[in-house]
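Trainee: Would you mind keeping the following structure in view while I ask a few things?
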Amino acid sequence: MTQPPSKRHSNRRLQTRIVRAEDQLAPGFESFAVPVTRASTVVFPDLATLRALDWRNDAQWRYGLHATPTSLTLAQRLAAIEGGNHALLQPSGLSAISNVYFGIVKAGDDVLIPDNVYSPNRDHAEWLAHDFGLTARYYDPMIGAGIADLIRPETKLIWLEAPGSVTMEVPDVQAITTVARARNVITAIDNTWSAGLAFRPFEHGVDISVQALTKYQSGGGDVLMGATITADKELHLKLKLARMRMGIGVSSDDCSLILRSLPSMKVRFEQHDRSALALARWLKTRSEIAAVLHPALPDCPGHEFFVRDFNGAGGLFSVVFDERYTPAQIDTFCESLELFSLGWSWGGAHSLAMPYDVASMRSASRWPYRGTLVRFYVGLEDEADLQADIERCLVALG
């Protein structure tokens with residue numbers, strides 16, 4: 001006679017009982033935190049279930065690399081924030097950009113990229129062009145409907161960045177996507193600047209939105225992650241297949257950190273926005289500054305599209321110093337700041353500053369300024385203290 005499972009288990013040796021523990025937990029525990037589910041192996045009840053798996057079915061658990069309850073919860077929440085239907089997580093924002101390239105284009109295809117694009121995107125495109133037979137061409141970010149003149153039969157993807165994350169031009173997204181859809185070209189936008197809060201890409205004809213979750217979604221400057229978000233299921237599956245073939249996955253622990261930060265993201269974004277705009281307006285009054293590039297200010301290129309399409313600006317903007325100051329002087333200015341640290345990325349509580357040589361970063365459009373650009377990220381420090389810090393260093397410039 002076969003023993004019941006509990007009897008069989010009690011007869012097993014200690015090591016087996018440790019590995020195959022039968023935990024006894026009272027039901028009914030509930031909290032606001034999303035449980036962290038870590039897994040590589042996913043266990044199936046029977047072989048029929050295992051053999052019926054279909055990678056296209058997002059409702060099936062297959063392997064921890066592809067999804068866990070923790071990562072899928074984050075993906076669903078991100079899609080809802082962005083106004084999309086599907087989201088895929090990647091280990092970084094650049095990985096999300098790479099997922100778009102490998103999911104959409106192949107050797108012989110042509111990609112159009114704005115001249116103010118995030119520099120690692122440019123580097124990625126150049127690598128694919130050099131080693132994989134892609135054609136990468138750059139366009140003036142303010143081209144609008146004029147993008148039609150650049151589209152070729154082999155053009156399969158148009159990148160947008162709104163605004164440019166260094167130079168802050170705001171493109172006419174609707175004009176570009178209208179042309180792209182008429183010519184059956186997929187559009188992808190790096191929407192990190194707005195975090196999906198200030199700009200809803202699918203309402204403006206965009207096909208794919210890329211987010212660097214490292215920024216506002218994390219909010220702590222301590223997590224690397226990215227996402228591709230789509231409204232269309234077929235497009236989602238193309239990206240999902242490419243991600244699966246490249247073996248891309250994310251840590252459930254990292255997902256839990258972002259899930260913990262998401263409820264406060266909008267509140268933090270609005271505070272960054274208020275402080276940054278106040279500092280930008282003040283900097284416009286300073287004689288040391290030749291231009292303030294903040295999309296909410298009327299003289300920023302594309303301001304009319306910002307007013308039409310955006311709802312907020314967050315904490316990132318740039319200034320151009322008067323050309324009488326040398327790059328070395330601007331380096332000293334940045335290094336002298338006490339409340340603005342030197343470092344890449346943004347989106348956390350700490351303010352940052354970084355100088356750029358913009359002219360060297362462009363190939364298809366003319367940069368109209370001769371002075372050095374400094375990009376400010378305004379964190380959550382007190383606005384008056386940040387202003388005093390900048391003013392002290394401006395005075396020291398002489």
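Simple scheme: letters A, B, ... for chains in structure tokens order, numbers from 1 for residues in each chain, numbers from 1 for ligands in the order shown.
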Could you list, as a ChimeraX atom specification, every residue within 12 Å of stretch 99-103 of chain A, counting only C-alpha atoms and ignoring same-chain residues fewer than 5 positions away?

Mentor: /A:88-94,109-113,121-122,124-129,132,134-136,156-159,186-190,207-211,226-230,234-249

Trainee: I need the helix (DSSP H, G or I) residues of stretch 285-396 of chain A per DSSP on the backbone, written as number ranges by chain.

Mentor: A: 303-309, 327-336, 358-361, 383-396

Trainee: Please give the complete set of residues from stretch 288-368 of chain A that DSSP, run on the backbone, assigns to strand (DSSP E or B), formatted as number ranges by chain.

Mentor: A: 289-293, 316-321, 340-342, 351-356

Trainee: Let me see the file: selected residues, N, CA and C atoms, as a compact mmCIF listing (two decimals), in the first residue's frame.

Mentor:
```
# COMPACT_ATOMS: atom_id res chain seq x y z
N ILE A 289 25.69 83.90 -18.79
CA ILE A 289 24.99 82.86 -19.55
C ILE A 289 24.46 83.43 -20.86
N ALA A 290 24.85 82.81 -21.97
CA ALA A 290 24.39 83.26 -23.29
C ALA A 290 23.01 82.72 -23.65
N ALA A 291 22.69 81.54 -23.17
CA ALA A 291 21.39 80.93 -23.50
C ALA A 291 21.03 79.91 -22.43
N VAL A 292 19.75 79.86 -22.11
CA VAL A 292 19.22 78.84 -21.22
C VAL A 292 18.32 77.94 -22.05
N LEU A 293 18.65 76.67 -22.10
CA LEU A 293 17.92 75.71 -22.93
C LEU A 293 17.03 74.86 -22.04
N LEU A 316 15.88 68.36 -15.71
CA LEU A 316 17.05 68.41 -16.58
C LEU A 316 16.94 69.56 -17.58
N PHE A 317 17.97 70.41 -17.61
CA PHE A 317 18.04 71.47 -18.62
C PHE A 317 19.51 71.85 -18.79
N SER A 318 19.78 72.68 -19.79
CA SER A 318 21.16 73.06 -20.10
C SER A 318 21.29 74.57 -20.22
N VAL A 319 22.51 75.06 -20.06
CA VAL A 319 22.82 76.46 -20.31
C VAL A 319 24.06 76.53 -21.20
N VAL A 320 24.16 77.61 -21.97
CA VAL A 320 25.35 77.88 -22.77
C VAL A 320 26.01 79.10 -22.19
N PHE A 321 27.28 78.99 -21.82
CA PHE A 321 28.01 80.11 -21.24
C PHE A 321 28.46 81.09 -22.32
N PHE A 340 26.26 70.41 -6.73
CA PHE A 340 26.08 69.74 -8.02
C PHE A 340 27.29 68.84 -8.23
N SER A 341 27.08 67.55 -8.14
CA SER A 341 28.17 66.60 -8.31
C SER A 341 28.45 66.38 -9.80
N LEU A 342 29.64 65.86 -10.10
CA LEU A 342 30.02 65.50 -11.46
C LEU A 342 29.71 64.03 -11.67
N SER A 351 21.73 66.62 -7.13
CA SER A 351 21.93 67.46 -8.31
C SER A 351 23.27 67.15 -8.97
N LEU A 352 23.30 67.36 -10.29
CA LEU A 352 24.48 67.05 -11.09
C LEU A 352 24.74 68.18 -12.08
N ALA A 353 26.00 68.29 -12.52
CA ALA A 353 26.38 69.22 -13.59
C ALA A 353 27.43 68.55 -14.46
N MET A 354 27.36 68.83 -15.77
CA MET A 354 28.32 68.21 -16.69
C MET A 354 28.52 69.11 -17.91
N PRO A 355 29.78 69.45 -18.24
CA PRO A 355 30.05 70.25 -19.45
C PRO A 355 30.09 69.36 -20.70
N TYR A 356 29.72 69.95 -21.84
CA TYR A 356 29.71 69.21 -23.11
C TYR A 356 30.28 70.09 -24.22
```

Trainee: Give the answer as one residue: which of A:Thr70, A:Thr332, A:Ser345, A:Ser251 has the shortest atom-to-atom distance to A:Ala33, using only C-alpha atoms?

Mentor: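 Selected residue with least distance to A:Ala33: A:Thr70.
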
Trainee: As a list in words, please: the residues near A:Glu270 (cut-off 7 Å, only C-alpha atoms, same-chain neighbours under 4 positions excluded).

Mentor: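 Surrounding residues, per the criterion: Lys266, Arg274 and Gly314 of chain A.
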
Trainee: Using only C-alpha atoms, which residues sit within 9 Å of stretch 163-170 of chain A once same-chain residues fewer than 4 positions away are excluded, as a PyMOL selection string?

Mentor: chain A and resi 114-118+141-142+190-194+293-295+300-306+316-319+356+358+373-375

Trainee: Measuring between only C-alpha atoms, which one of A:Pro171, A:Gly196, A:Pro69, A:Gly83 shows the shortest distance to A:Gly312?

Mentor: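 Using only C-alpha atoms, A:Gly312 sits closest to A:Gly196.
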
Trainee: Can you pull out every residue within 7 Å of A:Ser252, counting only C-alpha atoms, but drop anything in the same chain fewer than 6 positions away, and send it as a list in words?

Mentor: Val36, Thr37, Arg38, Thr70 and Ser71 of chain A

Trainee: Go ahead and write the residues just picked, N, CA and C atoms, as a short mmCIF file (atom, residue, chain, number, x, y, z; two decimals), in the first residue's frame.

Mentor:
```cif
data_model
loop_
_atom_site.label_atom_id
_atom_site.label_comp_id
_atom_site.auth_asym_id
_atom_site.auth_seq_id
_atom_site.Cartn_x
_atom_site.Cartn_y
_atom_site.Cartn_z
N VAL A 36 9.22 39.71 -3.78
CA VAL A 36 10.37 39.49 -4.66
C VAL A 36 10.44 38.00 -4.98
N THR A 37 10.17 37.66 -6.23
CA THR A 37 10.20 36.27 -6.67
C THR A 37 11.46 36.05 -7.48
N ARG A 38 12.40 35.28 -6.94
CA ARG A 38 13.64 34.98 -7.65
C ARG A 38 13.54 33.58 -8.23
N THR A 70 7.51 39.23 -10.10
CA THR A 70 8.01 40.56 -9.74
C THR A 70 8.28 41.40 -10.97
N SER A 71 9.01 40.84 -11.95
CA SER A 71 9.36 41.63 -13.14
C SER A 71 8.13 41.91 -13.99
#
```

Trainee: Can you work out which one of A:Ala145, A:Leu380, A:Met265, A:Cys393 has the shortest atom-to-atom distance to A:Ala198, counting only C-alpha atoms?

Mentor: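 With only C-alpha atoms as the atom set, the closest residue is A:Met265.
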
Trainee: Between atom CA of A:Ser98 and atom CA of A:Ala195, what is the spacing in Å?

Mentor: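 That distance, rounded to one decimal, is 18.9 Å.
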
Trainee: To one decimal in Å, tell me the separation between atom CA of A:Gly347 and atom CA of A:Gly219.

Mentor: 5.5 Å
